[in-house]
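Visitor: Got a file for you: entry_12.json, JSON, C-alpha atoms.
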[["chain", "number", "residue", "atom", "x", "y", "z"],
["A", 1, "MET", "CA", -19.56, 10.91, -12.24],
["A", 2, "ALA", "CA", -15.75, 10.92, -12.31],
["A", 3, "ASP", "CA", -13.86, 14.21, -12.31],
["A", 4, "GLU", "CA", -12.53, 15.40, -15.65],
["A", 5, "VAL", "CA", -9.04, 16.81, -15.11],
["A", 6, "ILE", "CA", -7.05, 18.28, -18.00],
["A", 7, "LEU", "CA", -3.67, 19.97, -17.75],
["A", 8, "LEU", "CA", -2.61, 22.37, -20.49],
["A", 9, "ASN", "CA", 1.14, 22.16, -20.32],
["A", 10, "PHE", "CA", 4.50, 22.42, -22.07],
["A", 11, "TRP", "CA", 6.85, 19.71, -20.84],
["A", 12, "PRO", "CA", 10.07, 21.82, -20.32],
["A", 13, "SER", "CA", 8.19, 24.25, -18.06],
["A", 14, "HIS", "CA", 9.24, 24.16, -14.40],
["A", 15, "TYR", "CA", 5.84, 25.63, -13.58],
["A", 16, "GLY", "CA", 4.05, 22.83, -15.38],
["A", 17, "MET", "CA", 6.23, 20.28, -13.57],
["A", 18, "ARG", "CA", 4.93, 21.59, -10.25],
["A", 19, "VAL", "CA", 1.38, 20.79, -11.25],
["A", 20, "LEU", "CA", 2.35, 17.37, -12.60],
["A", 21, "ILE", "CA", 4.06, 16.53, -9.32],
["A", 22, "ALA", "CA", 0.98, 17.54, -7.31],
["A", 23, "LEU", "CA", -1.32, 15.49, -9.56],
["A", 24, "GLU", "CA", 0.96, 12.47, -9.39],
["A", 25, "GLU", "CA", 1.43, 12.82, -5.63],
["A", 26, "LYS", "CA", -2.35, 12.78, -5.17],
["A", 27, "GLY", "CA", -2.87, 9.91, -7.59],
["A", 28, "ILE", "CA", -5.30, 11.93, -9.70],
["A", 29, "LYS", "CA", -6.25, 10.72, -13.16],
["A", 30, "TYR", "CA", -5.66, 13.50, -15.66],
["A", 31, "GLU", "CA", -5.04, 14.24, -19.31],
["A", 32, "ASN", "CA", -1.85, 16.13, -20.08],
["A", 33, "LYS", "CA", -2.29, 18.25, -23.22],
["A", 34, "GLU", "CA", 0.92, 19.67, -24.64],
["A", 35, "GLU", "CA", 0.72, 23.18, -26.05],
["A", 36, "ASP", "CA", 2.52, 24.54, -29.11],
["A", 37, "PHE", "CA", 3.60, 28.08, -28.25],
["A", 38, "SER", "CA", 3.95, 28.98, -31.92],
["A", 39, "ASN", "CA", 0.31, 28.05, -32.41],
["A", 40, "LYS", "CA", -1.55, 28.27, -29.11],
["A", 41, "SER", "CA", -4.68, 26.19, -28.95],
["A", 42, "LEU", "CA", -8.12, 27.75, -28.85],
["A", 43, "LEU", "CA", -8.67, 25.89, -25.58],
["A", 44, "LEU", "CA", -5.69, 27.65, -23.95],
["A", 45, "LEU", "CA", -6.83, 31.05, -25.19],
["A", 46, "GLN", "CA", -10.32, 30.37, -23.82],
["A", 47, "MET", "CA", -9.19, 28.98, -20.47],
["A", 48, "ASN", "CA", -6.47, 31.59, -19.76],
["A", 49, "PRO", "CA", -7.56, 34.66, -21.75],
["A", 50, "ILE", "CA", -5.61, 37.10, -19.54],
["A", 51, "HIS", "CA", -2.06, 35.70, -19.75],
["A", 52, "LYS", "CA", -2.51, 33.01, -22.43],
["A", 53, "LYS", "CA", 0.15, 30.91, -20.69],
["A", 54, "ILE", "CA", 0.54, 27.43, -19.29],
["A", 55, "PRO", "CA", 0.01, 25.69, -16.97],
["A", 56, "VAL", "CA", -3.76, 25.70, -16.83],
["A", 57, "LEU", "CA", -5.75, 23.09, -14.94],
["A", 58, "ILE", "CA", -9.24, 22.41, -16.22],
["A", 59, "HIS", "CA", -11.38, 20.66, -13.61],
["A", 60, "ASN", "CA", -14.84, 19.69, -14.81],
["A", 61, "GLY", "CA", -14.77, 22.48, -17.37],
["A", 62, "LYS", "CA", -13.52, 25.21, -15.02],
["A", 63, "SER", "CA", -10.02, 26.66, -15.38],
["A", 64, "ILE", "CA", -7.44, 27.41, -12.69],
["A", 65, "CYS", "CA", -4.28, 29.33, -13.65],
["A", 66, "GLU", "CA", -0.84, 30.05, -12.14],
["A", 67, "SER", "CA", 1.15, 27.07, -10.90],
["A", 68, "LEU", "CA", 1.19, 27.66, -7.13],
["A", 69, "ASN", "CA", -2.48, 28.60, -7.20],
["A", 70, "ILE", "CA", -3.19, 25.35, -9.07],
["A", 71, "VAL", "CA", -1.17, 23.25, -6.61],
["A", 72, "GLU", "CA", -3.05, 24.79, -3.67],
["A", 73, "TYR", "CA", -6.36, 24.12, -5.44],
["A", 74, "ILE", "CA", -5.42, 20.50, -6.05],
["A", 75, "ASP", "CA", -4.52, 20.06, -2.41],
["A", 76, "GLU", "CA", -7.81, 21.54, -1.20],
["A", 77, "VAL", "CA", -10.03, 19.61, -3.59],
["A", 78, "TRP", "CA", -8.29, 16.24, -3.23],
["A", 79, "ASN", "CA", -7.51, 16.62, 0.47],
["A", 80, "HIS", "CA", -8.10, 12.96, 1.36],
["A", 81, "HIS", "CA", -4.66, 11.84, 0.17],
["A", 82, "SER", "CA", -1.07, 13.12, 0.54],
["A", 83, "PRO", "CA", -1.79, 16.59, 2.02],
["A", 84, "LEU", "CA", 0.66, 19.27, 0.89],
["A", 85, "PHE", "CA", -0.35, 21.76, 3.60],
["A", 86, "PRO", "CA", -0.53, 21.36, 7.40],
["A", 87, "TYR", "CA", -4.25, 22.21, 7.53],
["A", 88, "ASP", "CA", -4.41, 21.82, 11.31],
["A", 89, "ASP", "CA", -1.90, 24.64, 11.79],
["A", 90, "PRO", "CA", -2.72, 28.00, 10.14],
["A", 91, "TYR", "CA", 0.67, 29.44, 11.08],
["A", 92, "GLN", "CA", 2.59, 26.63, 9.38],
["A", 93, "LYS", "CA", 0.36, 26.94, 6.31],
["A", 94, "ALA", "CA", 1.08, 30.67, 6.17],
["A", 95, "GLN", "CA", 4.80, 29.96, 6.47],
["A", 96, "ALA", "CA", 4.64, 27.41, 3.64],
["A", 97, "LYS", "CA", 2.90, 29.95, 1.37],
["A", 98, "PHE", "CA", 5.50, 32.59, 2.26],
["A", 99, "TRP", "CA", 8.46, 30.38, 1.32],
["A", 100, "ALA", "CA", 6.78, 29.08, -1.83],
["A", 101, "ASN", "CA", 6.26, 32.71, -2.85],
["A", 102, "TYR", "CA", 9.95, 33.37, -2.15],
["A", 103, "VAL", "CA", 10.84, 30.50, -4.47],
["A", 104, "ASP", "CA", 8.48, 31.85, -7.12],
["A", 105, "THR", "CA", 9.38, 35.54, -7.01],
["A", 106, "LYS", "CA", 13.06, 35.29, -6.09],
["A", 107, "ILE", "CA", 14.67, 32.01, -7.12],
["A", 108, "TYR", "CA", 12.76, 31.41, -10.35],
["A", 109, "GLU", "CA", 13.20, 35.02, -11.44],
["A", 110, "ILE", "CA", 16.97, 34.85, -10.87],
["A", 111, "GLY", "CA", 17.14, 31.40, -12.45],
["A", 112, "SER", "CA", 15.48, 32.73, -15.57],
["A", 113, "ARG", "CA", 17.96, 35.61, -15.71],
["A", 114, "TYR", "CA", 20.86, 33.21, -15.22],
["A", 115, "ALA", "CA", 19.66, 31.04, -18.12],
["A", 116, "LYS", "CA", 19.20, 33.96, -20.53],
["A", 117, "THR", "CA", 22.31, 36.06, -19.93],
["A", 118, "VAL", "CA", 26.03, 35.75, -20.67],
["A", 119, "GLY", "CA", 29.29, 37.12, -19.35],
["A", 120, "GLU", "CA", 29.22, 39.45, -16.34],
["A", 121, "GLU", "CA", 25.41, 39.48, -16.19],
["A", 122, "LYS", "CA", 25.35, 35.69, -15.98],
["A", 123, "GLU", "CA", 27.97, 35.66, -13.23],
["A", 124, "ALA", "CA", 26.00, 38.25, -11.26],
["A", 125, "ALA", "CA", 22.83, 36.19, -11.62],
["A", 126, "LYS", "CA", 24.72, 33.06, -10.56],
["A", 127, "LYS", "CA", 25.93, 34.82, -7.40],
["A", 128, "GLU", "CA", 22.36, 35.91, -6.57],
["A", 129, "LEU", "CA", 21.02, 32.43, -7.28],
["A", 130, "LEU", "CA", 23.52, 30.77, -4.97],
["A", 131, "GLU", "CA", 22.75, 33.34, -2.27],
["A", 132, "SER", "CA", 19.06, 32.50, -2.52],
["A", 133, "PHE", "CA", 19.89, 28.81, -2.22],
["A", 134, "GLU", "CA", 21.87, 29.62, 0.94],
["A", 135, "VAL", "CA", 18.65, 31.06, 2.38],
["A", 136, "MET", "CA", 16.76, 27.87, 1.51],
["A", 137, "GLU", "CA", 19.61, 25.71, 2.85],
["A", 138, "GLU", "CA", 19.23, 27.39, 6.22],
["A", 139, "GLN", "CA", 15.44, 27.24, 6.08],
["A", 140, "LEU", "CA", 15.46, 23.50, 5.37],
["A", 141, "GLY", "CA", 17.98, 22.68, 8.10],
["A", 142, "ASP", "CA", 18.15, 19.00, 8.92],
["A", 143, "LYS", "CA", 14.47, 18.34, 8.15],
["A", 144, "PRO", "CA", 13.67, 15.71, 5.47],
["A", 145, "TYR", "CA", 11.34, 18.18, 3.71],
["A", 146, "PHE", "CA", 10.62, 21.89, 4.12],
["A", 147, "GLY", "CA", 7.41, 21.15, 6.01],
["A", 148, "GLY", "CA", 9.02, 18.52, 8.23],
["A", 149, "ASP", "CA", 8.55, 14.81, 7.69],
["A", 150, "ILE", "CA", 6.01, 15.17, 4.87],
["A", 151, "PHE", "CA", 6.65, 16.23, 1.26],
["A", 152, "GLY", "CA", 4.67, 19.45, 0.90],
["A", 153, "PHE", "CA", 3.90, 22.75, -0.80],
["A", 154, "VAL", "CA", 7.37, 24.34, -0.60],
["A", 155, "ASP", "CA", 8.98, 21.13, -1.85],
["A", 156, "VAL", "CA", 6.67, 21.10, -4.87],
["A", 157, "ALA", "CA", 7.48, 24.76, -5.55],
["A", 158, "LEU", "CA", 11.27, 24.35, -5.53],
["A", 159, "VAL", "CA", 11.97, 20.79, -6.62],
["A", 160, "PRO", "CA", 11.62, 21.10, -10.44],
["A", 161, "LEU", "CA", 14.20, 23.88, -10.79],
["A", 162, "PHE", "CA", 16.61, 22.71, -8.11],
["A", 163, "CYS", "CA", 16.63, 19.06, -9.18],
["A", 164, "MET", "CA", 17.35, 20.04, -12.76],
["A", 165, "LEU", "CA", 20.16, 22.40, -11.76],
["A", 166, "TYR", "CA", 21.61, 19.76, -9.45],
["A", 167, "THR", "CA", 21.31, 16.62, -11.58],
["A", 168, "TYR", "CA", 21.81, 18.00, -15.09],
["A", 169, "THR", "CA", 25.48, 18.10, -16.02],
["A", 170, "PHE", "CA", 25.53, 19.30, -19.64],
["A", 171, "ALA", "CA", 25.48, 22.99, -18.67],
["A", 172, "GLY", "CA", 28.09, 22.64, -15.93],
["A", 173, "LYS", "CA", 27.57, 21.71, -12.28],
["A", 174, "LEU", "CA", 26.13, 24.70, -10.42],
["A", 175, "ILE", "CA", 25.20, 23.08, -7.09],
["A", 176, "ASP", "CA", 27.95, 21.77, -4.83],
["A", 177, "ASP", "CA", 27.23, 18.96, -2.35],
["A", 178, "GLU", "CA", 29.59, 20.34, 0.26],
["A", 179, "GLU", "CA", 28.25, 23.88, 0.03],
["A", 180, "PHE", "CA", 24.61, 22.79, 0.13],
["A", 181, "PRO", "CA", 24.50, 19.48, 2.06],
["A", 182, "ASN", "CA", 20.92, 19.92, 3.24],
["A", 183, "LEU", "CA", 19.50, 20.88, -0.16],
["A", 184, "THR", "CA", 21.39, 18.23, -2.12],
["A", 185, "SER", "CA", 20.30, 15.50, 0.31],
["A", 186, "TRP", "CA", 16.76, 16.83, 0.01],
["A", 187, "ALA", "CA", 16.97, 16.84, -3.81],
["A", 188, "LYS", "CA", 18.10, 13.20, -3.85],
["A", 189, "ARG", "CA", 15.29, 12.28, -1.47],
["A", 190, "CYS", "CA", 12.73, 14.07, -3.62],
["A", 191, "GLY", "CA", 14.11, 12.53, -6.81],
["A", 192, "GLU", "CA", 13.39, 9.08, -5.42],
["A", 193, "LYS", "CA", 9.69, 9.91, -5.16],
["A", 194, "GLU", "CA", 7.74, 8.53, -8.11],
["A", 195, "SER", "CA", 5.66, 11.71, -8.34],
["A", 196, "VAL", "CA", 8.84, 13.71, -8.93],
["A", 197, "SER", "CA", 10.71, 11.28, -11.18],
["A", 198, "ARG", "CA", 7.65, 10.94, -13.44],
["A", 199, "SER", "CA", 7.29, 14.72, -13.77],
["A", 200, "ILE", "CA", 10.84, 15.96, -14.41],
["A", 201, "PRO", "CA", 12.21, 15.22, -17.91],
["A", 202, "LYS", "CA", 15.38, 13.24, -18.46],
["A", 203, "GLU", "CA", 18.55, 15.22, -19.04],
["A", 204, "SER", "CA", 18.97, 13.88, -22.60],
["A", 205, "LYS", "CA", 15.49, 15.10, -23.58],
["A", 206, "MET", "CA", 16.08, 18.56, -22.16],
["A", 207, "LYS", "CA", 19.53, 18.78, -23.72],
["A", 208, "GLN", "CA", 18.10, 17.96, -27.15],
["A", 209, "PHE", "CA", 15.31, 20.51, -26.71],
["A", 210, "LEU", "CA", 17.73, 23.31, -25.75],
["A", 211, "ALA", "CA", 20.02, 22.44, -28.66],
["A", 212, "GLU", "CA", 17.08, 22.63, -31.09],
["A", 213, "MET", "CA", 15.95, 25.95, -29.59],
["A", 214, "SER", "CA", 19.47, 27.35, -29.98],
["A", 215, "LEU", "CA", 19.56, 26.37, -33.65],
["A", 216, "LEU", "CA", 16.12, 27.85, -34.19],
["A", 217, "ASN", "CA", 17.07, 31.15, -32.56],
["A", 218, "ARG", "CA", 20.19, 31.33, -34.73],
["A", 219, "GLY", "CA", 18.15, 30.65, -37.83],
["A", 220, "ASP", "CA", 20.19, 27.55, -38.81]]
Please express the file's structure as structure tokens.

Guide:
Amino acid sequence: MADEVILLNFWPSHYGMRVLIALEEKGIKYENKEEDFSNKSLLLLQMNPIHKKIPVLIHNGKSICESLNIVEYIDEVWNHHSPLFPYDDPYQKAQAKFWANYVDTKIYEIGSRYAKTVGEEKEAAKKELLESFEVMEEQLGDKPYFGGDIFGFVDVALVPLFCMLYTYTFAGKLIDDEEFPNLTSWAKRCGEKESVSRSIPKESKMKQFLAEMSLLNRGD
């Protein structure tokens, strides 16, 4: 019997994009169910009763929550194709999980603050965000991907947010090619992968979404 794989998602979510990239990279057949946050589905409330958030992966009726946890699960279950971890090297796997956690707890947290604030707070968040990218620039070095020659776990963790900040122009260019030559080359390389390009929304779609959200928040 074929696996039933359902992703409860919301397309602008960087966290959901991670899971989409992993599914696409593995060539897994799945159903992507979009959630309405103003009217969360009964399925979401049942499958993630603690946080009631996306993404949630449902594999043969069982739910897995939290994006990095889901990506690791996908890699372990469908380990016959496009491995995201160096399973023959426990140290390198531990390092990959450390840096993915850094992306999750440091870069995404600052990125969220940068997106939501204005004035001096926004400038402070921007400074912190660029400093965290400097750390990742050094960590990447001249390698094609964070794990070496193979697109892996840390790449999946970082690529949705970085690619959007780098390629989207409507909010102003934040990432400079000269300041971050390793990361920008990496972002272009990742963007050419079908698994990434299929999972990250086009700039025009995101721009329209943010404009609609702004009008909604203003009550227009």

Visitor: Please, what distance in Å, to one decimal, runs between CA of Glu72 in chain A and CA of Gly141 in chain A?

Guide: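 We find that CA of Glu72 in chain A and CA of Gly141 in chain A lie 24.2 Å from each other.
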
Visitor: Counting all atoms listed in the file, what are the residues of range 120-143 of chain A within 8 Å of range 112-115 of chain A, and for each of them which pair of atoms is the nearest and at what distance in Å, to one decimal? Sort the table by chain and rising number, as a Markdown table.

Guide:
| residue | atom | partner | partner_atom | distance |
| --- | --- | --- | --- | --- |
| A:Glu121 | CA | A:Tyr114 | CA | 7.8 |
| A:Lys122 | CA | A:Tyr114 | CA | 5.2 |
| A:Glu123 | CA | A:Tyr114 | CA | 7.8 |
| A:Ala125 | CA | A:Tyr114 | CA | 5.1 |
| A:Lys126 | CA | A:Tyr114 | CA | 6.1 |
| A:Leu129 | CA | A:Tyr114 | CA | 8.0 |

Visitor: With a distance cut-off of 12 Å and all atoms listed in the file, select the neighbouring residues of Asp75 in chain A, excluding the residue or stretch itself and same-chain residues fewer than 4 positions from it, and output the selection as a list in words.

Guide: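 Contacts, in chain order: Val19, Ile21, Ala22, Leu23, Glu24, Glu25, Lys26, Gly27, Ile28, Leu68, Asn69, Ile70, Val71, Asn79, His80, His81, Ser82, Pro83, Leu84, Phe85, Pro86, Tyr87, Gly152, Phe153 and Val156 of chain A.
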
Visitor: How about saving the chosen residues, C-alpha atoms kept, as a tab-separated table (two decimals), in the coordinates of the input?

Guide:
chain	number	residue	atom	x	y	z
A	19	VAL	CA	1.38	20.79	-11.25
A	21	ILE	CA	4.06	16.53	-9.32
A	22	ALA	CA	0.98	17.54	-7.31
A	23	LEU	CA	-1.32	15.49	-9.56
A	24	GLU	CA	0.96	12.47	-9.39
A	25	GLU	CA	1.43	12.82	-5.63
A	26	LYS	CA	-2.35	12.78	-5.17
A	27	GLY	CA	-2.87	9.91	-7.59
A	28	ILE	CA	-5.30	11.93	-9.70
A	68	LEU	CA	1.19	27.66	-7.13
A	69	ASN	CA	-2.48	28.60	-7.20
A	70	ILE	CA	-3.19	25.35	-9.07
A	71	VAL	CA	-1.17	23.25	-6.61
A	79	ASN	CA	-7.51	16.62	0.47
A	80	HIS	CA	-8.10	12.96	1.36
A	81	HIS	CA	-4.66	11.84	0.17
A	82	SER	CA	-1.07	13.12	0.54
A	83	PRO	CA	-1.79	16.59	2.02
A	84	LEU	CA	0.66	19.27	0.89
A	85	PHE	CA	-0.35	21.76	3.60
A	86	PRO	CA	-0.53	21.36	7.40
A	87	TYR	CA	-4.25	22.21	7.53
A	152	GLY	CA	4.67	19.45	0.90
A	153	PHE	CA	3.90	22.75	-0.80
A	156	VAL	CA	6.67	21.10	-4.87

Visitor: A:Leu42, A:Val196, A:Val154, A:Thr167: which is nearest Lys93 in chain A, counting only C-alpha atoms?

Guide: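 Once distances to Lys93 in chain A are computed over only C-alpha atoms, the minimum belongs to A:Val154.
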
Visitor: In Å, how far is it from CA of Ser197 in chain A to CA of Leu57 in chain A?

Guide: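 So the answer is 20.6 Å.
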
Visitor: If I take CA of Leu44 in chain A and CA of Ser13 in chain A, how far is one from the other in Å, to one decimal?

Guide: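 According to the coordinates, CA of Leu44 in chain A and CA of Ser13 in chain A are separated by 15.5 Å.
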
Visitor: Which one of A:Ser204, A:Asn39, A:Ser67, A:Asn182 sits closest to Leu7 in chain A if you count all atoms listed in the file?

Guide: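 Result for the nearest residue to Leu7 in chain A: A:Ser67.
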
Visitor: Name all residues at most 10 Å from Trp186 in chain A (count all atoms listed in the file; drop same-chain ones fewer than 3 positions away) and give them as a PDB file with C-alpha atoms, in the frame of the given file.

Guide:
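As a result, result.pdb now contains:
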ATOM      1  CA  GLU A 137      19.610  25.710   2.850  1.00  0.00           C
ATOM      2  CA  LEU A 140      15.460  23.500   5.370  1.00  0.00           C
ATOM      3  CA  ASP A 142      18.150  19.000   8.920  1.00  0.00           C
ATOM      4  CA  LYS A 143      14.470  18.340   8.150  1.00  0.00           C
ATOM      5  CA  PRO A 144      13.670  15.710   5.470  1.00  0.00           C
ATOM      6  CA  TYR A 145      11.340  18.180   3.710  1.00  0.00           C
ATOM      7  CA  PHE A 146      10.620  21.890   4.120  1.00  0.00           C
ATOM      8  CA  ASP A 155       8.980  21.130  -1.850  1.00  0.00           C
ATOM      9  CA  VAL A 159      11.970  20.790  -6.620  1.00  0.00           C
ATOM     10  CA  CYS A 163      16.630  19.060  -9.180  1.00  0.00           C
ATOM     11  CA  PHE A 180      24.610  22.790   0.130  1.00  0.00           C
ATOM     12  CA  PRO A 181      24.500  19.480   2.060  1.00  0.00           C
ATOM     13  CA  ASN A 182      20.920  19.920   3.240  1.00  0.00           C
ATOM     14  CA  LEU A 183      19.500  20.880  -0.160  1.00  0.00           C
ATOM     15  CA  ARG A 189      15.290  12.280  -1.470  1.00  0.00           C
ATOM     16  CA  CYS A 190      12.730  14.070  -3.620  1.00  0.00           C
ATOM     17  CA  GLY A 191      14.110  12.530  -6.810  1.00  0.00           C
TER      18      GLY A 191
END

Visitor: Taking into account only C-alpha atoms, which residue in the set A:Leu158, A:Val118, A:Asp88, A:Lys188 is nearest to Thr105 in chain A?

Guide: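 Ranking A:Leu158, A:Val118, A:Asp88, A:Lys188 by distance to Thr105 in chain A, first place goes to A:Leu158.
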
Visitor: Can you complete the atoms of range 63-78 of chain A to N, CA and C atoms and list them as a short mmCIF file (atom, residue, chain, number, x, y, z; two decimals), in the frame of the given file?

Guide:
data_model
loop_
_atom_site.label_atom_id
_atom_site.label_comp_id
_atom_site.auth_asym_id
_atom_site.auth_seq_id
_atom_site.Cartn_x
_atom_site.Cartn_y
_atom_site.Cartn_z
N SER A 63 -11.47 26.50 -15.30
CA SER A 63 -10.02 26.66 -15.38
C SER A 63 -9.43 27.30 -14.13
N ILE A 64 -8.24 26.83 -13.77
CA ILE A 64 -7.44 27.41 -12.69
C ILE A 64 -6.07 27.70 -13.27
N CYS A 65 -5.55 28.92 -13.06
CA CYS A 65 -4.28 29.33 -13.65
C CYS A 65 -3.25 29.66 -12.57
N GLU A 66 -1.99 29.76 -12.98
CA GLU A 66 -0.84 30.05 -12.14
C GLU A 66 -0.49 28.83 -11.29
N SER A 67 0.76 28.38 -11.41
CA SER A 67 1.15 27.07 -10.90
C SER A 67 0.94 26.89 -9.40
N LEU A 68 1.37 27.83 -8.57
CA LEU A 68 1.19 27.66 -7.13
C LEU A 68 -0.29 27.71 -6.75
N ASN A 69 -1.04 28.55 -7.42
CA ASN A 69 -2.48 28.60 -7.20
C ASN A 69 -3.12 27.25 -7.56
N ILE A 70 -2.66 26.65 -8.65
CA ILE A 70 -3.19 25.35 -9.07
C ILE A 70 -2.84 24.27 -8.05
N VAL A 71 -1.59 24.26 -7.58
CA VAL A 71 -1.17 23.25 -6.61
C VAL A 71 -2.00 23.37 -5.33
N GLU A 72 -2.23 24.59 -4.87
CA GLU A 72 -3.05 24.79 -3.67
C GLU A 72 -4.48 24.31 -3.92
N TYR A 73 -5.01 24.59 -5.10
CA TYR A 73 -6.36 24.12 -5.44
C TYR A 73 -6.43 22.60 -5.42
N ILE A 74 -5.45 21.96 -6.03
CA ILE A 74 -5.42 20.50 -6.05
C ILE A 74 -5.41 19.94 -4.63
N ASP A 75 -4.62 20.56 -3.77
CA ASP A 75 -4.52 20.06 -2.41
C ASP A 75 -5.83 20.23 -1.64
N GLU A 76 -6.55 21.31 -1.90
CA GLU A 76 -7.81 21.54 -1.20
C GLU A 76 -8.93 20.64 -1.72
N VAL A 77 -8.95 20.42 -3.02
CA VAL A 77 -10.03 19.61 -3.59
C VAL A 77 -9.82 18.13 -3.30
N TRP A 78 -8.60 17.66 -3.47
CA TRP A 78 -8.29 16.24 -3.23
C TRP A 78 -7.52 16.12 -1.91
#
